[in-house]
>>> print(open('structure.pdb').read())   # PDB, C-alpha atoms, pLDDT in the B column
MODEL        1
ATOM      1  CA  MET A   1       6.275 -22.253   8.067  1.00 92.00           C
ATOM      2  CA  TYR A   2       2.516 -22.691   7.998  1.00 95.00           C
ATOM      3  CA  THR A   3       0.413 -24.609   5.530  1.00 96.00           C
ATOM      4  CA  LEU A   4      -2.534 -22.475   4.491  1.00 95.00           C
ATOM      5  CA  LYS A   5      -5.986 -23.950   4.824  1.00 96.00           C
ATOM      6  CA  THR A   6      -8.130 -24.296   1.702  1.00 97.00           C
ATOM      7  CA  LEU A   7     -11.410 -22.429   1.394  1.00 98.00           C
ATOM      8  CA  SER A   8     -14.382 -24.522   0.302  1.00 97.00           C
ATOM      9  CA  LYS A   9     -16.089 -23.584  -2.978  1.00 97.00           C
ATOM     10  CA  ALA A  10     -19.373 -23.161  -1.095  1.00 98.00           C
ATOM     11  CA  ALA A  11     -17.784 -20.437   1.064  1.00 98.00           C
ATOM     12  CA  ILE A  12     -16.602 -18.289  -1.866  1.00 98.00           C
ATOM     13  CA  PRO A  13     -19.643 -15.955  -2.149  1.00 98.00           C
ATOM     14  CA  GLY A  14     -19.553 -15.145   1.570  1.00 98.00           C
ATOM     15  CA  ALA A  15     -15.782 -14.739   1.518  1.00 98.00           C
ATOM     16  CA  LEU A  16     -16.020 -12.238  -1.338  1.00 98.00           C
ATOM     17  CA  GLU A  17     -18.651 -10.251   0.600  1.00 98.00           C
ATOM     18  CA  LYS A  18     -16.271 -10.156   3.559  1.00 98.00           C
ATOM     19  CA  ALA A  19     -13.363  -9.073   1.350  1.00 98.00           C
ATOM     20  CA  GLU A  20     -15.440  -6.187   0.012  1.00 98.00           C
ATOM     21  CA  ARG A  21     -16.445  -5.206   3.545  1.00 98.00           C
ATOM     22  CA  TYR A  22     -12.814  -5.281   4.732  1.00 98.00           C
ATOM     23  CA  ARG A  23     -11.865  -2.986   1.830  1.00 97.00           C
ATOM     24  CA  LEU A  24     -14.606  -0.562   2.805  1.00 96.00           C
ATOM     25  CA  LEU A  25     -13.383  -0.679   6.422  1.00 97.00           C
ATOM     26  CA  ASN A  26      -9.916   0.329   5.175  1.00 97.00           C
ATOM     27  CA  GLU A  27      -8.426  -3.079   5.945  1.00 98.00           C
ATOM     28  CA  PRO A  28      -6.910  -3.914   2.548  1.00 98.00           C
ATOM     29  CA  LEU A  29      -4.530  -6.594   3.849  1.00 97.00           C
ATOM     30  CA  GLU A  30      -7.458  -8.642   5.135  1.00 98.00           C
ATOM     31  CA  ALA A  31      -9.302  -8.182   1.833  1.00 98.00           C
ATOM     32  CA  GLU A  32      -6.172  -9.190  -0.092  1.00 98.00           C
ATOM     33  CA  SER A  33      -5.753 -12.340   1.995  1.00 98.00           C
ATOM     34  CA  ILE A  34      -9.370 -13.396   1.438  1.00 98.00           C
ATOM     35  CA  CYS A  35      -9.097 -12.804  -2.311  1.00 98.00           C
ATOM     36  CA  ARG A  36      -5.925 -14.891  -2.472  1.00 98.00           C
ATOM     37  CA  ASP A  37      -7.780 -17.700  -0.655  1.00 98.00           C
ATOM     38  CA  VAL A  38     -10.616 -17.503  -3.197  1.00 98.00           C
ATOM     39  CA  LEU A  39      -8.161 -17.438  -6.114  1.00 98.00           C
ATOM     40  CA  ALA A  40      -6.387 -20.508  -4.757  1.00 98.00           C
ATOM     41  CA  VAL A  41      -9.682 -22.378  -5.279  1.00 98.00           C
ATOM     42  CA  GLU A  42     -10.950 -20.502  -8.377  1.00 97.00           C
ATOM     43  CA  PRO A  43      -7.949 -18.903 -10.119  1.00 96.00           C
ATOM     44  CA  GLY A  44     -10.044 -17.061 -12.709  1.00 94.00           C
ATOM     45  CA  ASN A  45     -12.646 -15.606 -10.348  1.00 97.00           C
ATOM     46  CA  GLN A  46     -13.059 -12.101 -11.806  1.00 97.00           C
ATOM     47  CA  GLN A  47     -14.761 -10.637  -8.726  1.00 97.00           C
ATOM     48  CA  ALA A  48     -11.884 -11.811  -6.511  1.00 98.00           C
ATOM     49  CA  LEU A  49      -9.348 -10.422  -8.989  1.00 98.00           C
ATOM     50  CA  ILE A  50     -11.043  -7.008  -9.025  1.00 98.00           C
ATOM     51  CA  ILE A  51     -11.314  -6.803  -5.237  1.00 98.00           C
ATOM     52  CA  LEU A  52      -7.673  -7.916  -4.966  1.00 98.00           C
ATOM     53  CA  LEU A  53      -6.573  -5.259  -7.457  1.00 98.00           C
ATOM     54  CA  LEU A  54      -8.461  -2.567  -5.546  1.00 98.00           C
ATOM     55  CA  ALA A  55      -7.102  -3.782  -2.190  1.00 98.00           C
ATOM     56  CA  LEU A  56      -3.576  -3.551  -3.597  1.00 98.00           C
ATOM     57  CA  THR A  57      -4.194   0.022  -4.767  1.00 98.00           C
ATOM     58  CA  ASP A  58      -5.454   0.793  -1.256  1.00 97.00           C
ATOM     59  CA  THR A  59      -1.909   0.063  -0.026  1.00 97.00           C
ATOM     60  CA  PHE A  60      -0.107   2.374  -2.486  1.00 97.00           C
ATOM     61  CA  LYS A  61       0.518   4.923   0.275  1.00 94.00           C
ATOM     62  CA  GLN A  62       2.535   2.432   2.334  1.00 94.00           C
ATOM     63  CA  ASN A  63       4.084   0.294  -0.387  1.00 93.00           C
ATOM     64  CA  LEU A  64       3.792   1.950  -3.804  1.00 95.00           C
ATOM     65  CA  SER A  65       6.387   0.050  -5.790  1.00 94.00           C
ATOM     66  CA  THR A  66       5.477  -3.511  -4.796  1.00 97.00           C
ATOM     67  CA  ALA A  67       1.709  -2.958  -4.667  1.00 97.00           C
ATOM     68  CA  PHE A  68       1.748  -1.149  -8.035  1.00 97.00           C
ATOM     69  CA  ASN A  69       3.549  -4.064  -9.711  1.00 97.00           C
ATOM     70  CA  GLN A  70       1.241  -6.623  -8.096  1.00 98.00           C
ATOM     71  CA  ALA A  71      -1.847  -4.654  -9.147  1.00 98.00           C
ATOM     72  CA  HIS A  72      -0.586  -4.664 -12.747  1.00 97.00           C
ATOM     73  CA  GLU A  73      -0.029  -8.441 -12.564  1.00 98.00           C
ATOM     74  CA  VAL A  74      -3.650  -8.862 -11.467  1.00 98.00           C
ATOM     75  CA  LEU A  75      -4.823  -6.470 -14.196  1.00 98.00           C
ATOM     76  CA  GLU A  76      -3.286  -8.722 -16.847  1.00 97.00           C
ATOM     77  CA  ILE A  77      -5.385 -11.669 -15.622  1.00 96.00           C
ATOM     78  CA  LEU A  78      -8.712  -9.851 -16.030  1.00 96.00           C
ATOM     79  CA  SER A  79     -10.579 -11.336 -18.972  1.00 93.00           C
ATOM     80  CA  ASP A  80     -12.749  -8.385 -20.030  1.00 92.00           C
ATOM     81  CA  GLN A  81     -11.232  -5.556 -22.113  1.00 93.00           C
ATOM     82  CA  TYR A  82     -13.484  -2.949 -20.481  1.00 95.00           C
ATOM     83  CA  CYS A  83     -12.317  -4.081 -17.039  1.00 94.00           C
ATOM     84  CA  LYS A  84      -8.683  -3.976 -18.126  1.00 96.00           C
ATOM     85  CA  ALA A  85      -9.053  -0.387 -19.345  1.00 97.00           C
ATOM     86  CA  TYR A  86     -11.193   0.786 -16.423  1.00 97.00           C
ATOM     87  CA  TYR A  87      -9.135  -0.804 -13.650  1.00 98.00           C
ATOM     88  CA  GLY A  88      -5.908   0.169 -15.415  1.00 98.00           C
ATOM     89  CA  GLY A  89      -7.227   3.713 -15.120  1.00 98.00           C
ATOM     90  CA  ILE A  90      -7.914   3.204 -11.412  1.00 98.00           C
ATOM     91  CA  ILE A  91      -4.314   2.024 -10.869  1.00 98.00           C
ATOM     92  CA  SER A  92      -2.909   5.068 -12.699  1.00 98.00           C
ATOM     93  CA  GLU A  93      -5.290   7.506 -10.996  1.00 98.00           C
ATOM     94  CA  ARG A  94      -4.443   6.220  -7.533  1.00 98.00           C
ATOM     95  CA  ARG A  95      -0.737   6.426  -8.319  1.00 97.00           C
ATOM     96  CA  ALA A  96      -1.232  10.037  -9.451  1.00 97.00           C
ATOM     97  CA  LYS A  97      -2.977  10.848  -6.177  1.00 97.00           C
ATOM     98  CA  ILE A  98      -0.082   9.384  -4.184  1.00 96.00           C
ATOM     99  CA  HIS A  99       2.400  11.606  -6.035  1.00 95.00           C
ATOM    100  CA  LEU A 100       0.128  14.613  -5.507  1.00 94.00           C
ATOM    101  CA  GLU A 101      -0.244  13.833  -1.801  1.00 94.00           C
ATOM    102  CA  ARG A 102       3.476  13.262  -1.209  1.00 92.00           C
ATOM    103  CA  GLY A 103       4.499  16.519  -2.846  1.00 90.00           C
ATOM    104  CA  GLY A 104       8.120  17.419  -3.365  1.00 90.00           C
ATOM    105  CA  PRO A 105      10.132  18.389  -6.434  1.00 90.00           C
ATOM    106  CA  GLY A 106       8.598  17.109  -9.650  1.00 91.00           C
ATOM    107  CA  SER A 107       5.586  15.562  -7.921  1.00 94.00           C
ATOM    108  CA  GLY A 108       3.140  17.802  -9.796  1.00 95.00           C
ATOM    109  CA  ARG A 109       4.543  16.698 -13.156  1.00 96.00           C
ATOM    110  CA  LEU A 110       4.505  13.062 -12.057  1.00 96.00           C
ATOM    111  CA  ALA A 111       0.906  13.347 -10.885  1.00 97.00           C
ATOM    112  CA  TYR A 112      -0.029  15.016 -14.171  1.00 97.00           C
ATOM    113  CA  GLU A 113       1.561  12.215 -16.232  1.00 97.00           C
ATOM    114  CA  TRP A 114      -0.276   9.541 -14.221  1.00 98.00           C
ATOM    115  CA  PHE A 115      -3.589  11.420 -14.357  1.00 98.00           C
ATOM    116  CA  GLN A 116      -3.189  11.690 -18.149  1.00 98.00           C
ATOM    117  CA  LYS A 117      -2.491   7.959 -18.374  1.00 98.00           C
ATOM    118  CA  ALA A 118      -5.594   7.247 -16.258  1.00 98.00           C
ATOM    119  CA  MET A 119      -7.747   9.518 -18.417  1.00 98.00           C
ATOM    120  CA  THR A 120      -6.552   7.773 -21.581  1.00 98.00           C
ATOM    121  CA  GLN A 121      -7.460   4.404 -20.063  1.00 98.00           C
ATOM    122  CA  TYR A 122     -10.881   5.725 -19.022  1.00 98.00           C
ATOM    123  CA  GLU A 123     -11.438   6.946 -22.602  1.00 97.00           C
ATOM    124  CA  THR A 124     -10.696   3.413 -23.821  1.00 96.00           C
ATOM    125  CA  ALA A 125     -13.146   1.996 -21.275  1.00 97.00           C
ATOM    126  CA  LEU A 126     -15.829   4.478 -22.360  1.00 94.00           C
ATOM    127  CA  ASN A 127     -15.549   3.221 -25.936  1.00 93.00           C
ATOM    128  CA  SER A 128     -16.465  -0.304 -24.878  1.00 89.00           C
ATOM    129  CA  CYS A 129     -19.051   0.176 -22.130  1.00 84.00           C
ATOM    130  CA  SER A 130     -22.808   0.072 -22.315  1.00 84.00           C
ATOM    131  CA  PRO A 131     -24.677   3.422 -22.389  1.00 84.00           C
ATOM    132  CA  GLY A 132     -25.896   2.853 -18.831  1.00 88.00           C
ATOM    133  CA  ASN A 133     -22.380   2.408 -17.470  1.00 91.00           C
ATOM    134  CA  GLN A 134     -20.750   5.805 -17.130  1.00 94.00           C
ATOM    135  CA  ASP A 135     -18.272   4.893 -14.373  1.00 96.00           C
ATOM    136  CA  ALA A 136     -15.266   5.656 -16.580  1.00 97.00           C
ATOM    137  CA  LEU A 137     -16.733   9.067 -17.452  1.00 97.00           C
ATOM    138  CA  LEU A 138     -17.149   9.891 -13.758  1.00 97.00           C
ATOM    139  CA  ARG A 139     -13.531   8.881 -13.053  1.00 98.00           C
ATOM    140  CA  TRP A 140     -12.285  10.877 -16.072  1.00 98.00           C
ATOM    141  CA  ASN A 141     -14.088  13.972 -14.773  1.00 98.00           C
ATOM    142  CA  THR A 142     -12.595  13.473 -11.303  1.00 98.00           C
ATOM    143  CA  CYS A 143      -9.084  13.384 -12.773  1.00 98.00           C
ATOM    144  CA  ALA A 144      -9.788  16.507 -14.838  1.00 98.00           C
ATOM    145  CA  ARG A 145     -11.108  18.376 -11.794  1.00 98.00           C
ATOM    146  CA  LEU A 146      -8.080  17.395  -9.708  1.00 97.00           C
ATOM    147  CA  ILE A 147      -5.744  18.670 -12.420  1.00 97.00           C
ATOM    148  CA  MET A 148      -7.687  21.946 -12.678  1.00 97.00           C
ATOM    149  CA  ARG A 149      -7.806  22.359  -8.881  1.00 96.00           C
ATOM    150  CA  HIS A 150      -4.056  21.921  -8.389  1.00 95.00           C
ATOM    151  CA  PRO A 151      -1.917  24.337 -10.415  1.00 94.00           C
ATOM    152  CA  GLU A 152       1.218  22.332  -9.574  1.00 94.00           C
ATOM    153  CA  VAL A 153      -0.240  19.379 -11.480  1.00 95.00           C
ATOM    154  CA  ALA A 154       0.927  20.381 -14.911  1.00 94.00           C
ATOM    155  CA  PRO A 155       2.804  18.961 -17.881  1.00 91.00           C
ATOM    156  CA  PRO A 156       6.568  19.436 -18.081  1.00 83.00           C
ATOM    157  CA  GLU A 157       7.554  22.833 -19.413  1.00 79.00           C
ATOM    158  CA  THR A 158       7.990  23.000 -23.160  1.00 68.00           C
ATOM    159  CA  GLY A 159      11.473  22.134 -24.279  1.00 57.00           C
ATOM    160  CA  THR A 160      12.045  19.361 -21.746  1.00 51.00           C
ATOM    161  CA  ASN A 161      11.778  15.846 -23.056  1.00 52.00           C
ATOM    162  CA  GLU A 162      11.601  14.156 -19.659  1.00 52.00           C
ATOM    163  CA  GLN A 163       9.487  11.054 -19.562  1.00 55.00           C
ATOM    164  CA  MET A 164       8.519  10.803 -15.902  1.00 53.00           C
ATOM    165  CA  LEU A 165       6.517   7.549 -16.081  1.00 57.00           C
ATOM    166  CA  GLU A 166       9.419   5.286 -17.014  1.00 51.00           C
TER     167      GLU A 166
ENDMDL
END
>>> encode(input="structure.pdb", output="structure tokens")
Amino acid sequence: MYTLKTLSKAAIPGALEKAERYRLLNEPLEAESICRDVLAVEPGNQQALIILLLALTDTFKQNLSTAFNQAHEVLEILSDQYCKAYYGGIISERRAKIHLERGGPGSGRLAYEWFQKAMTQYETALNSCSPGNQDALLRWNTCARLIMRHPEVAPPETGTNEQMLE
């Protein structure tokens, strides 16, 4: 086994810039590793937690179950209520998109349930953001447009009491 090397505090700003760049280059594992190095030195670093959460959601396609649970663990550590609502919405929205992309029986209903959960979380975020921050509104509208664009993304038919999110 290897003993991981410790990042210096002075290197944290540059490391976080690199983590963001790796995410944008579609290299979420590298971004995740950097964020974990930062968090080993500064466990409450909110920027590292957010980049880590987003990097984990970037891996939903390959590893939905584990990455989803890890993203929720990170979400619980965020200190700001707006961030918890907004990034909770991101997690749900990205899960909805995975179900939509995978297709198959019941995938439209699953996607719908997750989009609805995301939209509820974005509504919560909108209630606590500043007037200049409309990010949650933009995400809410994206979810609504995806639902309207895909007829298979629909609620369960009336009369069924299935709860797909559990």
>>> closest_atom_pairs(input="structure.pdb", of="region 49-135 of chain A", to="region 14-24 of chain A", cutoff="10 Å", atoms="all atoms listed in the file", output="tab-separated table")
residue	atom	partner	partner_atom	distance
A:Ile51	CA	A:Glu20	CA	6.7
A:Leu52	CA	A:Ala19	CA	8.6
A:Leu54	CA	A:Arg23	CA	8.1
A:Ala55	CA	A:Arg23	CA	6.3
A:Leu56	CA	A:Arg23	CA	9.9
A:Asp58	CA	A:Arg23	CA	8.1
>>> residues_around(input="structure.pdb", residues="Gln46 (chain A)", least_positions_apart="3", cutoff="12 Å", atoms="all atoms listed in the file", output="list in words")
Leu16, Cys35, Val38, Leu39, Glu42, Pro43, Leu49, Ile50, Ile51, Leu52, Leu53, Val74, Leu75, Glu76, Ile77, Leu78, Ser79, Asp80, Cys83 and Lys84 of chain A
>>> closest_residue(input="structure.pdb", among="A:Ala85, A:Ala125, A:Ala31, A:Val153", to="Leu110 (chain A)", atoms="all atoms listed in the file")
A:Val153
>>> atom_distance(input="structure.pdb", atom1="CA of Thr57 (chain A)", atom2="CA of Ile91 (chain A)")
6.4 Å
>>> closest_residue(input="structure.pdb", among="A:Leu100, A:Arg36, A:Glu123, A:Leu137", to="Thr6 (chain A)", atoms="all atoms listed in the file")
A:Arg36
>>> atom_distance(input="structure.pdb", atom1="CA of Cys143 (chain A)", atom2="CA of Trp114 (chain A)")
9.7 Å
>>> closest_residue(input="structure.pdb", among="A:Gln47, A:Arg102, A:Glu27, A:Val41", to="Ser8 (chain A)", atoms="only C-alpha atoms")
A:Val41
>>> closest_residue(input="structure.pdb", among="A:Ser65, A:Asn127, A:Thr142, A:Gln81", to="Phe115 (chain A)", atoms="all atoms listed in the file")
A:Thr142
>>> closest_residue(input="structure.pdb", among="A:Leu25, A:Lys61, A:Ala111, A:Pro13", to="Pro151 (chain A)", atoms="all atoms listed in the file")
A:Ala111
>>> closest_residue(input="structure.pdb", among="A:Gly132, A:Ile147, A:Glu152, A:Lys117", to="Gly103 (chain A)", atoms="all atoms listed in the file")
A:Glu152
>>> atom_distance(input="structure.pdb", atom1="CA of Gln121 (chain A)", atom2="CA of Gln62 (chain A)")
24.6 Å
>>> build_atoms(input="structure.pdb", residues="region 95-108 of chain A", atoms="N, CA and C atoms", output="CSV table (one decimal), in the coordinates of the input")
chain,number,residue,atom,x,y,z
A,95,ARG,N,-2.2,6.1,-8.4
A,95,ARG,CA,-0.7,6.4,-8.3
A,95,ARG,C,-0.6,7.9,-8.4
A,96,ALA,N,-1.3,8.6,-9.3
A,96,ALA,CA,-1.2,10.0,-9.5
A,96,ALA,C,-1.6,10.7,-8.1
A,97,LYS,N,-2.6,10.2,-7.4
A,97,LYS,CA,-3.0,10.8,-6.2
A,97,LYS,C,-1.9,10.7,-5.1
A,98,ILE,N,-1.2,9.6,-5.1
A,98,ILE,CA,-0.1,9.4,-4.2
A,98,ILE,C,1.0,10.4,-4.4
A,99,HIS,N,1.4,10.6,-5.7
A,99,HIS,CA,2.4,11.6,-6.0
A,99,HIS,C,1.9,13.0,-5.6
A,100,LEU,N,0.7,13.3,-5.9
A,100,LEU,CA,0.1,14.6,-5.5
A,100,LEU,C,0.2,14.8,-4.0
A,101,GLU,N,-0.2,13.8,-3.3
A,101,GLU,CA,-0.2,13.8,-1.8
A,101,GLU,C,1.2,14.0,-1.2
A,102,ARG,N,2.1,13.2,-1.8
A,102,ARG,CA,3.5,13.3,-1.2
A,102,ARG,C,4.2,14.6,-1.4
A,103,GLY,N,3.9,15.2,-2.5
A,103,GLY,CA,4.5,16.5,-2.8
A,103,GLY,C,6.0,16.4,-3.1
A,104,GLY,N,6.7,17.4,-3.1
A,104,GLY,CA,8.1,17.4,-3.4
A,104,GLY,C,8.4,17.8,-4.8
A,105,PRO,N,9.7,18.0,-5.1
A,105,PRO,CA,10.1,18.4,-6.4
A,105,PRO,C,9.7,17.4,-7.5
A,106,GLY,N,9.0,17.9,-8.5
A,106,GLY,CA,8.6,17.1,-9.6
A,106,GLY,C,7.3,16.3,-9.4
A,107,SER,N,6.8,16.4,-8.2
A,107,SER,CA,5.6,15.6,-7.9
A,107,SER,C,4.4,16.0,-8.7
A,108,GLY,N,4.3,17.3,-9.0
A,108,GLY,CA,3.1,17.8,-9.8
A,108,GLY,C,3.2,17.3,-11.2
